[in-house]
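Novice: To be precise about what I am sending: the file is called target.txt and holds compact mmCIF, C-alpha atoms.
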# COMPACT_ATOMS: atom_id res chain seq x y z
CA MET A 1 11.31 53.26 34.23
CA ASN A 2 11.26 50.81 31.35
CA ASN A 3 14.47 48.71 31.30
CA LYS A 4 14.19 47.69 27.64
CA HIS A 5 16.64 49.04 25.09
CA THR A 6 15.86 51.61 22.42
CA PHE A 7 18.21 52.00 19.45
CA ILE A 8 17.80 54.96 17.10
CA PHE A 9 19.96 54.79 13.96
CA SER A 10 21.08 57.95 12.18
CA GLY A 11 23.61 59.16 9.65
CA ARG A 12 23.98 60.53 6.14
CA SER A 13 22.17 58.93 3.21
CA GLY A 14 24.18 55.94 2.08
CA CYS A 15 25.98 55.52 5.43
CA GLY A 16 24.63 52.00 5.72
CA LYS A 17 22.25 52.53 8.64
CA GLY A 18 19.60 50.22 7.19
CA THR A 19 22.15 47.41 6.96
CA GLN A 20 23.41 48.10 10.46
CA ARG A 21 19.89 48.20 11.85
CA LYS A 22 19.25 44.73 10.44
CA LEU A 23 22.59 43.40 11.72
CA LEU A 24 21.87 44.71 15.19
CA TYR A 25 18.42 43.14 15.05
CA GLU A 26 19.94 39.75 14.15
CA TYR A 27 22.60 40.06 16.81
CA PHE A 28 20.07 41.02 19.43
CA SER A 29 17.61 38.24 18.55
CA LYS A 30 20.46 35.70 18.88
CA GLN A 31 21.74 37.12 22.16
CA TYR A 32 18.32 37.41 23.72
CA PRO A 33 16.10 34.85 21.96
CA ASN A 34 13.25 35.29 24.42
CA GLU A 35 13.00 39.06 24.22
CA LYS A 36 10.63 40.94 21.98
CA ILE A 37 12.04 43.46 19.52
CA PHE A 38 10.02 46.02 17.60
CA GLN A 39 11.77 47.25 14.50
CA TYR A 40 10.56 50.26 12.56
CA TYR A 41 11.84 52.05 9.50
CA THR A 42 9.90 55.13 8.28
CA GLY A 43 11.02 54.41 4.70
CA ASP A 44 8.58 51.49 4.64
CA GLY A 45 5.80 53.79 5.83
CA PHE A 46 6.56 56.38 3.15
CA ARG A 47 6.54 53.63 0.52
CA LYS A 48 3.06 52.62 1.67
CA LEU A 49 1.92 56.24 1.51
CA LEU A 50 3.13 56.39 -2.09
CA GLU A 51 0.78 53.59 -3.03
CA GLY A 52 -2.55 54.87 -1.70
CA ASP A 53 -5.02 56.73 -3.90
CA GLY A 54 -6.10 59.52 -1.54
CA TYR A 55 -5.33 63.23 -1.81
CA THR A 56 -2.44 63.01 0.67
CA ASN A 57 -0.96 60.04 -1.23
CA GLU A 58 -1.11 62.02 -4.44
CA LEU A 59 0.81 64.90 -2.83
CA VAL A 60 3.39 62.47 -1.38
CA ARG A 61 3.96 61.16 -4.91
CA GLU A 62 4.36 64.70 -6.27
CA VAL A 63 7.02 65.48 -3.65
CA MET A 64 8.86 62.30 -4.58
CA GLU A 65 8.68 62.96 -8.30
CA VAL A 66 10.39 66.32 -7.95
CA GLY A 67 12.98 64.84 -5.56
CA GLY A 68 11.73 66.97 -2.66
CA LEU A 69 11.60 66.26 1.05
CA GLN A 70 8.55 64.68 2.58
CA PRO A 71 7.05 66.96 5.25
CA ASN A 72 8.01 66.58 8.91
CA PHE A 73 4.47 65.89 10.10
CA LEU A 74 4.24 62.77 7.93
CA ALA A 75 7.37 61.29 9.48
CA VAL A 76 5.90 61.92 12.95
CA TYR A 77 2.58 60.46 11.83
CA LEU A 78 4.30 57.29 10.60
CA TRP A 79 6.35 56.45 13.67
CA SER A 80 3.71 57.58 16.16
CA THR A 81 1.07 55.44 14.48
CA ALA A 82 3.47 52.48 14.34
CA PHE A 83 4.25 52.91 18.04
CA THR A 84 0.59 53.21 18.99
CA GLU A 85 -0.42 50.17 16.99
CA ASN A 86 2.44 47.91 18.01
CA LEU A 87 4.05 48.77 21.33
CA GLU A 88 3.12 46.76 24.40
CA GLY A 89 5.78 48.12 26.72
CA ASP A 90 7.83 44.94 27.10
CA GLU A 91 9.85 45.14 23.88
CA HIS A 92 13.16 46.53 22.73
CA ILE A 93 12.89 49.09 19.94
CA ILE A 94 15.15 49.52 16.90
CA THR A 95 14.42 52.40 14.53
CA ASP A 96 15.86 54.00 11.43
CA GLY A 97 14.79 56.82 9.11
CA PHE A 98 13.88 59.40 11.73
CA PRO A 99 14.20 61.95 13.21
CA ARG A 100 15.19 63.90 10.08
CA ALA A 101 14.93 67.39 11.63
CA LEU A 102 15.01 69.11 15.01
CA VAL A 103 11.19 69.38 15.19
CA GLU A 104 10.96 65.63 14.64
CA ALA A 105 13.59 65.00 17.33
CA GLN A 106 11.64 67.10 19.84
CA SER A 107 8.48 65.21 19.03
CA LEU A 108 10.21 61.82 19.34
CA ASP A 109 11.67 62.97 22.64
CA SER A 110 8.13 63.50 23.97
CA ALA A 111 7.35 59.90 22.99
CA MET A 112 10.51 58.49 24.63
CA LYS A 113 9.52 60.20 27.89
CA PHE A 114 5.87 59.17 27.57
CA TYR A 115 6.88 55.50 27.15
CA LYS A 116 9.48 55.92 29.92
CA ARG A 117 12.22 54.54 27.67
CA HIS A 118 15.42 54.52 29.70
CA LYS A 119 18.41 56.23 28.03
CA PRO A 120 17.74 55.39 24.38
CA HIS A 121 20.90 54.72 22.34
CA PHE A 122 21.32 57.20 19.53
CA ILE A 123 23.74 55.68 17.01
CA VAL A 124 25.27 57.90 14.33
CA ILE A 125 27.15 56.20 11.50
CA ASN A 126 29.63 58.75 10.22
CA VAL A 127 30.58 59.01 6.58
CA SER A 128 31.90 62.17 4.93
CA LYS A 129 29.75 64.29 2.70
CA GLU A 130 31.84 63.19 -0.30
CA GLU A 131 31.50 59.51 0.57
CA SER A 132 27.72 59.88 0.96
CA HIS A 133 27.55 61.55 -2.43
CA LYS A 134 29.70 58.83 -4.02
CA ARG A 135 27.59 56.02 -2.57
CA LEU A 136 24.31 57.60 -3.64
CA LEU A 137 25.60 58.04 -7.19
CA ALA A 138 26.73 54.40 -7.23
CA ARG A 139 23.33 53.06 -6.25
CA LYS A 140 21.39 55.64 -8.31
CA ARG A 141 17.75 54.66 -8.76
CA ASP A 142 15.50 55.55 -11.67
CA ASP A 143 13.94 58.48 -9.84
CA ASP A 144 17.32 59.90 -8.75
CA THR A 145 18.94 62.74 -10.64
CA GLU A 146 22.30 64.38 -9.98
CA ASP A 147 20.36 67.31 -8.63
CA SER A 148 18.13 65.35 -6.29
CA ILE A 149 21.16 63.47 -4.94
CA LYS A 150 23.01 66.71 -4.31
CA ARG A 151 19.95 68.05 -2.50
CA ARG A 152 19.72 64.98 -0.29
CA VAL A 153 23.39 65.23 0.61
CA ASN A 154 23.08 68.92 1.52
CA TRP A 155 19.86 68.35 3.35
CA TYR A 156 21.72 66.36 5.98
CA ASP A 157 23.73 69.42 6.99
CA THR A 158 20.82 71.85 7.13
CA GLN A 159 18.04 69.60 8.48
CA VAL A 160 19.32 66.37 10.01
CA LEU A 161 22.44 67.65 11.75
CA PRO A 162 20.47 69.91 14.15
CA ALA A 163 18.47 66.78 15.10
CA VAL A 164 21.69 64.80 15.70
CA ASN A 165 23.05 67.63 17.81
CA PHE A 166 19.89 67.49 19.93
CA TYR A 167 21.11 64.08 21.15
CA ARG A 168 24.77 64.94 21.52
CA ASP A 169 25.60 65.66 25.17
CA ASN A 170 21.94 65.11 26.04
CA PRO A 171 21.96 63.37 29.45
CA ASP A 172 18.72 61.52 28.62
CA TYR A 173 20.36 59.61 25.74
CA ASN A 174 23.37 57.39 25.15
CA PHE A 175 24.99 59.07 22.14
CA ILE A 176 27.28 56.85 20.07
CA GLU A 177 29.28 57.66 16.94
CA VAL A 178 30.92 55.04 14.75
CA ASP A 179 33.06 55.15 11.62
CA GLY A 180 30.93 54.22 8.62
CA GLU A 181 33.84 54.18 6.18
CA GLN A 182 35.07 50.70 7.04
CA PRO A 183 33.81 47.21 6.11
CA ILE A 184 30.22 46.42 7.15
CA GLU A 185 31.30 43.82 9.75
CA ASP A 186 33.70 46.29 11.34
CA VAL A 187 30.99 48.96 11.61
CA HIS A 188 28.79 46.38 13.30
CA ALA A 189 31.59 45.34 15.66
CA GLU A 190 32.25 48.97 16.58
CA ILE A 191 28.56 49.50 17.34
CA ILE A 192 28.41 46.40 19.54
CA SER A 193 31.54 47.34 21.43
CA LYS A 194 30.42 50.93 21.99
CA LEU A 195 26.94 49.93 23.12
CA LYS A 196 28.39 47.93 26.03
CA LEU A 197 25.20 45.92 26.34
CA ASP A 198 26.48 43.26 28.73
CA MET B 1 -14.30 82.93 -1.58
CA ARG B 2 -11.16 80.89 -1.21
CA GLN B 3 -10.70 77.94 1.14
CA HIS B 4 -9.98 79.13 4.65
CA SER B 5 -7.58 77.55 7.12
CA LEU B 6 -8.53 78.84 10.55
CA ILE B 7 -6.83 78.12 13.85
CA PHE B 8 -8.71 79.27 16.95
CA LEU B 9 -6.66 79.76 20.09
CA GLY B 10 -7.46 81.45 23.38
CA PRO B 11 -7.90 80.55 27.05
CA SER B 12 -10.70 78.20 28.09
CA GLY B 13 -13.68 80.36 28.89
CA SER B 14 -12.84 82.84 26.12
CA GLY B 15 -15.95 81.69 24.25
CA LYS B 16 -14.03 80.33 21.26
CA GLY B 17 -16.17 77.16 21.16
CA THR B 18 -19.31 79.24 20.67
CA GLN B 19 -17.60 81.39 18.07
CA ILE B 20 -16.38 78.36 16.13
CA LYS B 21 -19.95 77.10 15.96
CA LEU B 22 -21.07 80.45 14.55
CA VAL B 23 -18.19 80.48 12.07
CA LYS B 24 -19.08 76.97 10.86
CA GLU B 25 -22.70 78.04 10.28
CA TYR B 26 -21.51 81.19 8.56
CA LEU B 27 -19.20 79.30 6.19
CA ARG B 28 -21.89 76.74 5.36
CA GLU B 29 -24.26 79.56 4.47
CA LYS B 30 -21.76 81.66 2.48
CA THR B 31 -20.01 78.78 0.73
CA PRO B 32 -22.50 75.89 0.63
CA ASP B 33 -20.43 73.98 -1.92
CA ILE B 34 -17.28 73.95 0.25
CA ASP B 35 -17.01 71.44 3.09
CA VAL B 36 -15.70 72.36 6.50
CA ALA B 37 -13.13 69.99 7.99
CA TYR B 38 -13.33 70.55 11.73
CA MET B 39 -10.43 69.39 13.87
CA TYR B 40 -10.92 69.20 17.60
CA THR B 41 -8.27 67.09 19.34
CA GLY B 42 -10.44 66.85 22.48
CA ASP B 43 -12.92 64.59 20.65
CA MET B 44 -10.14 62.55 19.09
CA LEU B 45 -8.42 62.06 22.44
CA ARG B 46 -11.65 60.77 23.98
CA GLU B 47 -12.00 58.35 21.07
CA MET B 48 -8.42 57.24 21.60
CA TRP B 49 -9.01 56.62 25.32
CA SER B 50 -11.89 54.28 24.51
CA HIS B 51 -9.40 51.68 23.21
CA GLU B 52 -7.40 49.36 25.43
CA LYS B 53 -3.99 49.35 23.80
CA TYR B 54 -0.81 50.12 25.73
CA THR B 55 -0.39 53.64 24.30
CA ASN B 56 -4.07 54.44 24.72
CA ILE B 57 -4.05 53.35 28.36
CA LEU B 58 -0.91 55.37 29.16
CA SER B 59 -2.50 58.43 27.57
CA LYS B 60 -5.77 57.90 29.41
CA ASN B 61 -3.98 57.56 32.75
CA ILE B 62 -2.19 60.86 32.20
CA ASN B 63 -5.59 62.44 31.68
CA LEU B 64 -7.03 60.88 34.83
CA GLU B 65 -4.08 62.18 36.84
CA GLY B 66 -4.54 65.67 35.38
CA GLY B 67 -1.16 65.51 33.61
CA LEU B 68 -0.07 66.83 30.23
CA GLN B 69 -0.34 64.74 27.10
CA PRO B 70 2.98 64.25 25.29
CA GLY B 71 3.55 66.47 22.28
CA PHE B 72 3.46 63.70 19.69
CA ILE B 73 -0.09 62.56 20.45
CA PRO B 74 -2.00 65.63 19.18
CA VAL B 75 0.26 65.63 16.10
CA MET B 76 -0.56 61.99 15.44
CA LEU B 77 -4.28 62.74 15.81
CA TRP B 78 -4.49 65.73 13.47
CA SER B 79 -2.17 64.09 10.93
CA LYS B 80 -4.39 61.03 10.83
CA PHE B 81 -7.40 63.31 10.43
CA PHE B 82 -5.73 65.11 7.51
CA ILE B 83 -4.66 61.92 5.76
CA GLU B 84 -8.07 60.30 6.13
CA ASN B 85 -10.27 63.30 5.40
CA LEU B 86 -8.68 66.03 3.31
CA LEU B 87 -9.65 66.26 -0.33
CA GLY B 88 -7.97 69.62 -0.87
CA ASN B 89 -11.06 71.71 -1.54
CA GLU B 90 -12.39 72.28 1.98
CA HIS B 91 -12.16 74.89 4.70
CA ILE B 92 -10.17 73.74 7.71
CA ILE B 93 -10.95 74.77 11.30
CA PHE B 94 -8.57 73.91 14.13
CA ASP B 95 -10.11 74.18 17.57
CA GLY B 96 -7.68 74.61 20.47
CA THR B 97 -4.69 73.06 18.66
CA PRO B 98 -1.71 73.59 18.40
CA ARG B 99 -0.89 74.21 22.03
CA ARG B 100 2.89 73.88 21.83
CA ILE B 101 5.45 75.51 19.55
CA ASN B 102 6.70 72.11 18.35
CA ASP B 103 3.14 71.20 17.38
CA ALA B 104 2.78 74.53 15.53
CA GLU B 105 6.01 73.89 13.61
CA LEU B 106 4.86 70.44 12.55
CA LEU B 107 1.47 71.85 11.56
CA GLU B 108 3.32 74.40 9.45
CA SER B 109 4.94 71.56 7.50
CA ALA B 110 1.41 70.26 6.83
CA PHE B 111 0.13 73.67 5.68
CA VAL B 112 3.03 73.92 3.23
CA PHE B 113 2.54 70.34 2.03
CA TYR B 114 -1.20 70.85 1.44
CA ASN B 115 -0.62 74.22 -0.25
CA ARG B 116 -2.84 76.06 2.22
CA VAL B 117 -2.51 79.75 1.43
CA LYS B 118 -2.24 82.17 4.38
CA PRO B 119 -3.76 80.22 7.27
CA THR B 120 -5.40 82.55 9.80
CA LEU B 121 -4.69 82.42 13.50
CA VAL B 122 -7.77 83.71 15.31
CA PHE B 123 -6.69 84.67 18.80
CA VAL B 124 -9.78 85.08 20.98
CA ASP B 125 -8.31 87.08 23.83
CA CYS B 126 -9.92 87.59 27.21
CA PRO B 127 -8.46 88.72 30.56
CA LEU B 128 -7.60 85.77 32.76
CA ASP B 129 -9.65 86.98 35.75
CA VAL B 130 -12.73 87.14 33.49
CA VAL B 131 -12.26 83.64 32.06
CA LYS B 132 -11.54 82.30 35.54
CA GLN B 133 -14.92 83.60 36.70
CA ARG B 134 -16.63 82.12 33.62
CA ILE B 135 -15.00 78.70 34.07
CA ILE B 136 -16.13 78.55 37.70
CA GLU B 137 -19.69 79.62 36.83
CA ARG B 138 -20.17 77.09 34.05
CA ALA B 139 -18.58 74.14 35.89
CA THR B 140 -21.00 71.26 36.37
CA ARG B 141 -18.82 69.18 38.69
CA PRO B 142 -17.73 70.61 42.06
CA GLU B 143 -14.09 69.57 41.46
CA ASP B 144 -14.01 71.72 38.31
CA ARG B 145 -14.99 74.70 40.39
CA LYS B 146 -11.94 74.40 42.64
CA GLU B 147 -9.75 77.42 42.29
CA SER B 148 -6.54 75.35 42.18
CA THR B 149 -7.87 73.27 39.25
CA VAL B 150 -8.86 76.36 37.30
CA ASP B 151 -5.52 77.99 38.06
CA SER B 152 -3.51 75.03 36.82
CA ARG B 153 -5.49 74.97 33.55
CA LEU B 154 -4.81 78.64 33.04
CA GLN B 155 -1.15 78.20 34.00
CA TRP B 156 -0.82 75.69 31.13
CA TYR B 157 -2.30 78.32 28.86
CA VAL B 158 0.17 80.95 30.03
CA ASP B 159 3.20 78.64 29.87
CA TYR B 160 2.56 76.89 26.55
CA VAL B 161 -0.30 78.35 24.55
CA ILE B 162 0.66 82.03 24.77
CA PRO B 163 4.17 81.28 23.38
CA THR B 164 2.48 79.27 20.63
CA ILE B 165 0.19 82.21 19.79
CA ASP B 166 3.27 84.43 19.66
CA PHE B 167 4.83 81.97 17.20
CA TYR B 168 2.14 83.05 14.68
CA ARG B 169 2.51 86.79 15.25
CA ASN B 170 4.38 88.72 12.58
CA LYS B 171 4.98 85.69 10.39
CA ASP B 172 4.41 86.39 6.71
CA MET B 173 2.84 83.06 5.92
CA TYR B 174 -0.07 83.61 8.33
CA ASN B 175 -2.83 86.08 8.95
CA PHE B 176 -2.83 86.98 12.61
CA VAL B 177 -6.16 88.24 13.90
CA GLU B 178 -6.78 89.32 17.47
CA ILE B 179 -10.37 89.32 18.70
CA ASN B 180 -11.68 90.83 21.92
CA GLY B 181 -13.49 87.96 23.65
CA ASN B 182 -14.50 90.13 26.59
CA GLN B 183 -17.77 91.42 25.06
CA GLU B 184 -21.19 90.03 24.12
CA ARG B 185 -21.03 87.03 21.83
CA GLU B 186 -22.76 88.86 18.96
CA LYS B 187 -20.14 91.56 19.11
CA VAL B 188 -17.34 89.00 19.23
CA PHE B 189 -18.77 87.35 16.14
CA ALA B 190 -19.21 90.66 14.33
CA GLU B 191 -15.54 91.36 15.00
CA ILE B 192 -14.56 87.93 13.60
CA LYS B 193 -16.66 88.52 10.46
CA GLN B 194 -14.95 91.84 9.87
CA LYS B 195 -11.40 90.86 10.64
CA VAL B 196 -11.35 87.33 9.22
CA PHE B 197 -13.86 87.51 6.35
CA ASN B 198 -13.88 91.25 5.58
CA ASP B 199 -17.64 91.09 6.04
CA TYR B 200 -19.08 94.39 7.29
CA ASP B 201 -22.80 93.59 6.96
Hey, can you dump this file as structure tokens for me?

Specialist:
Amino acid sequence: MNNKHTFIFSGRSGCGKGTQRKLLYEYFSKQYPNEKIFQYYTGDGFRKLLEGDGYTNELVREVMEVGGLQPNFLAVYLWSTAFTENLEGDEHIITDGFPRALVEAQSLDSAMKFYKRHKPHFIVINVSKEESHKRLLARKRDDDTEDSIKRRVNWYDTQVLPAVNFYRDNPDYNFIEVDGEQPIEDVHAEIISKLKLD
Amino acid sequence: MRQHSLIFLGPSGSGKGTQIKLVKEYLREKTPDIDVAYMYTGDMLREMWSHEKYTNILSKNINLEGGLQPGFIPVMLWSKFFIENLLGNEHIIFDGTPRRINDAELLESAFVFYNRVKPTLVFVDCPLDVVKQRIIERATRPEDRKESTVDSRLQWYVDYVIPTIDFYRNKDMYNFVEINGNQEREKVFAEIKQKVFNDYD
């Protein structure tokens, strides 16, 4: 069994998981300066897909323009390709952006077992539906509309939550929930204390 | 003729490889201006095992030990194939994939994304005792002729592939076509032409 850590970040849009992923990465690199860490965020992969000029890239752009959801297979393609190209077996892993649905969670589970990752930490940063909505409106980007934001907020309940529940009470994972409606440093501190790494 | 999306599933020894070859020839003849994108994960796995990266070696070792590949690997392979090859105007043939329900569900997200209308599941059915006999007869290596090896391959089919085939049954978004593989190959092909392409020549 691989004794390296795996951290999977999850939570509603706007919960601050990207920030927390980076903070954990910094913390971990300071604590264990000689250990390798592989960090992956599917958002970066989707951004790259948006730029290409192939048929698939064109369709990815169309989905984005109408504020739709990118298909599950593309999320799996992105992380599985990143794993295959980068993993060497002796690194810690920190991820964010997936799984976004139960089918993606099941697929990721097959990878965790394949790589013999011991008890990956699944970290959910909890914010209420209203708070998520508020934060998304506050940071509204050009391509966001009220409608597309509402869809993203609702999508968590119908799609992502079944994935989160896959990890809850799952003996193969260390499931952790923290309060995302407190200052950034306090969220980070709660994560560190609940991870009990030492 | 519209662009077809065909998934061929059935036990090894059902003759689906031969039938796929005939279908490819048939499509090239009937629709010479439409390409056929042919997806066979077996070939892609072998290509993957020829590289020496960590993931590739782990996957290769599973194969050498006769184990099961993890679910995400076939998905990664066909997704990569789609992203690198699809232009949107071709027929698609899937050979022997998906072999798990999770894989079928992810493939469904791809069919929706690529606007593939009514993909067809071609189930080439054949009694297991018949395919068992065929597998043993065509084996070139003595170890492939061993009854326990053949049985474990067929057990995988029963445990995983049959539930996957059932996933496609009675679902509105697919055509589900059942073909009797336990007859001469010409008759099998005639049945495919009728049921898949409505061709009664």

Novice: Can you pull out every residue within 10 Å of Lys129 (chain A), counting all atoms listed in the file, but drop anything in the same chain fewer than 4 positions away, and send it as a list in words?

Specialist: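 Surrounding residues, per the criterion: Arg12, Ser13, Cys15, His133, Lys134, Val153, Asn154, Tyr156 and Asp157 of chain A.
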
Novice: Which of these, B:Ala110, B:Ile162, B:Ile179, B:Val122, has the shortest distance to chain A once you count all atoms listed in the file?

Specialist: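 Going through B:Ala110, B:Ile162, B:Ile179, B:Val122 one by one, the smallest distance to chain A is for B:Ala110.
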
Novice: For chain A, which residue out of B:Glu52, B:Glu178, B:Glu191, B:Asp159 is the nearest one, using all atoms listed in the file?

Specialist: B:Glu52

Novice: Please build the interface table for chain B against chain A with a cut-off of 9 Å, listing for each qualifying residue the nearest atom pair and the distance in Å to one decimal; count only C-alpha atoms, order rows by chain and increasing number, and write it as a Markdown table.

Specialist:
| residue | atom | partner | partner_atom | distance |
| --- | --- | --- | --- | --- |
| B:Lys53 | CA | A:Glu88 | CA | 7.6 |
| B:Tyr54 | CA | A:Glu88 | CA | 5.3 |
| B:Thr55 | CA | A:Thr84 | CA | 5.4 |
| B:Asn56 | CA | A:Thr84 | CA | 7.5 |
| B:Leu58 | CA | A:Phe114 | CA | 7.9 |
| B:Ser59 | CA | A:Phe114 | CA | 8.4 |
| B:Gln69 | CA | A:Phe114 | CA | 8.4 |
| B:Pro70 | CA | A:Ser110 | CA | 5.4 |
| B:Gly71 | CA | A:Ser110 | CA | 5.7 |
| B:Phe72 | CA | A:Ser107 | CA | 5.3 |
| B:Ile73 | CA | A:Ser80 | CA | 7.6 |
| B:Val75 | CA | A:Tyr77 | CA | 7.1 |
| B:Met76 | CA | A:Tyr77 | CA | 5.0 |
| B:Leu77 | CA | A:Tyr77 | CA | 8.3 |
| B:Trp78 | CA | A:Tyr77 | CA | 9.0 |
| B:Ser79 | CA | A:Tyr77 | CA | 6.0 |
| B:Lys80 | CA | A:Tyr77 | CA | 7.1 |
| B:Phe82 | CA | A:Thr56 | CA | 7.9 |
| B:Ile83 | CA | A:Thr56 | CA | 5.7 |
| B:Glu84 | CA | A:Gly54 | CA | 8.0 |
| B:Asn85 | CA | A:Tyr55 | CA | 8.7 |
| B:Leu86 | CA | A:Tyr55 | CA | 6.7 |
| B:Leu87 | CA | A:Tyr55 | CA | 5.5 |
| B:Gly88 | CA | A:Tyr55 | CA | 7.0 |
| B:Asn102 | CA | A:Val103 | CA | 6.1 |
| B:Asp103 | CA | A:Ser107 | CA | 8.2 |
| B:Glu105 | CA | A:Val103 | CA | 7.0 |
| B:Leu106 | CA | A:Phe73 | CA | 5.2 |
| B:Leu107 | CA | A:Phe73 | CA | 6.8 |
| B:Glu108 | CA | A:Phe73 | CA | 8.6 |
| B:Ser109 | CA | A:Pro71 | CA | 5.5 |
| B:Ala110 | CA | A:Phe73 | CA | 6.3 |
| B:Val112 | CA | A:Pro71 | CA | 8.3 |
| B:Phe113 | CA | A:Pro71 | CA | 6.5 |
| B:Tyr114 | CA | A:Leu59 | CA | 7.6 |

Novice: Report the distance between CA of Gly97 (chain A) and CA of Lys48 (chain A) in Å, rounded to one decimal place.

Specialist: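 Atom-to-atom, CA of Gly97 (chain A) and CA of Lys48 (chain A) are spaced 14.5 Å apart.
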
Novice: Up to 9 Å from (-5.1, 78.1, 23.7) in the file's coordinates: name the residues, counting only C-alpha atoms, as a PyMOL selection string.

Specialist: chain B and resi 8-12+95-99+123-124+156-158+160-162+164-165

Novice: Region 17-32 of chain B: which residues within 9 Å, counting all atoms listed in the file, same-chain residues fewer than 4 positions away excluded, as a ChimeraX atom specification?

Specialist: /B:1,8,12-13,36,38,91,93,95-96,185,188-189,192-193

Novice: Please save C-alpha atoms of the selected residues as an mmCIF file, keeping the file's coordinate frame.

Specialist:
data_model
loop_
_atom_site.group_PDB
_atom_site.id
_atom_site.type_symbol
_atom_site.label_atom_id
_atom_site.label_comp_id
_atom_site.auth_asym_id
_atom_site.auth_seq_id
_atom_site.Cartn_x
_atom_site.Cartn_y
_atom_site.Cartn_z
ATOM 1 C CA MET B 1 -14.300 82.930 -1.580
ATOM 2 C CA PHE B 8 -8.710 79.270 16.950
ATOM 3 C CA SER B 12 -10.700 78.200 28.090
ATOM 4 C CA GLY B 13 -13.680 80.360 28.890
ATOM 5 C CA VAL B 36 -15.700 72.360 6.500
ATOM 6 C CA TYR B 38 -13.330 70.550 11.730
ATOM 7 C CA HIS B 91 -12.160 74.890 4.700
ATOM 8 C CA ILE B 93 -10.950 74.770 11.300
ATOM 9 C CA ASP B 95 -10.110 74.180 17.570
ATOM 10 C CA GLY B 96 -7.680 74.610 20.470
ATOM 11 C CA ARG B 185 -21.030 87.030 21.830
ATOM 12 C CA VAL B 188 -17.340 89.000 19.230
ATOM 13 C CA PHE B 189 -18.770 87.350 16.140
ATOM 14 C CA ILE B 192 -14.560 87.930 13.600
ATOM 15 C CA LYS B 193 -16.660 88.520 10.460
#

Novice: Name the residues within 9 Å of (15.4, 59.5, 32.8), counting only C-alpha atoms in the file's coordinates, and put them as a ChimeraX atom specification.

Specialist: /A:1,113,116-119,171-173

Novice: Determine the nearest neighbour of Leu121 (chain B) from the options B:Arg134, B:Arg169, B:His51, B:Lys60, counting only C-alpha atoms.

Specialist: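 Among the listed residues, B:Arg169 lies closest to Leu121 (chain B).
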
Novice: To one decimal in Å, tell me the separation between CA of Arg47 (chain A) and CA of Thr6 (chain A).

Specialist: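 Computed distance, CA of Arg47 (chain A) to CA of Thr6 (chain A), equals 23.9 Å.
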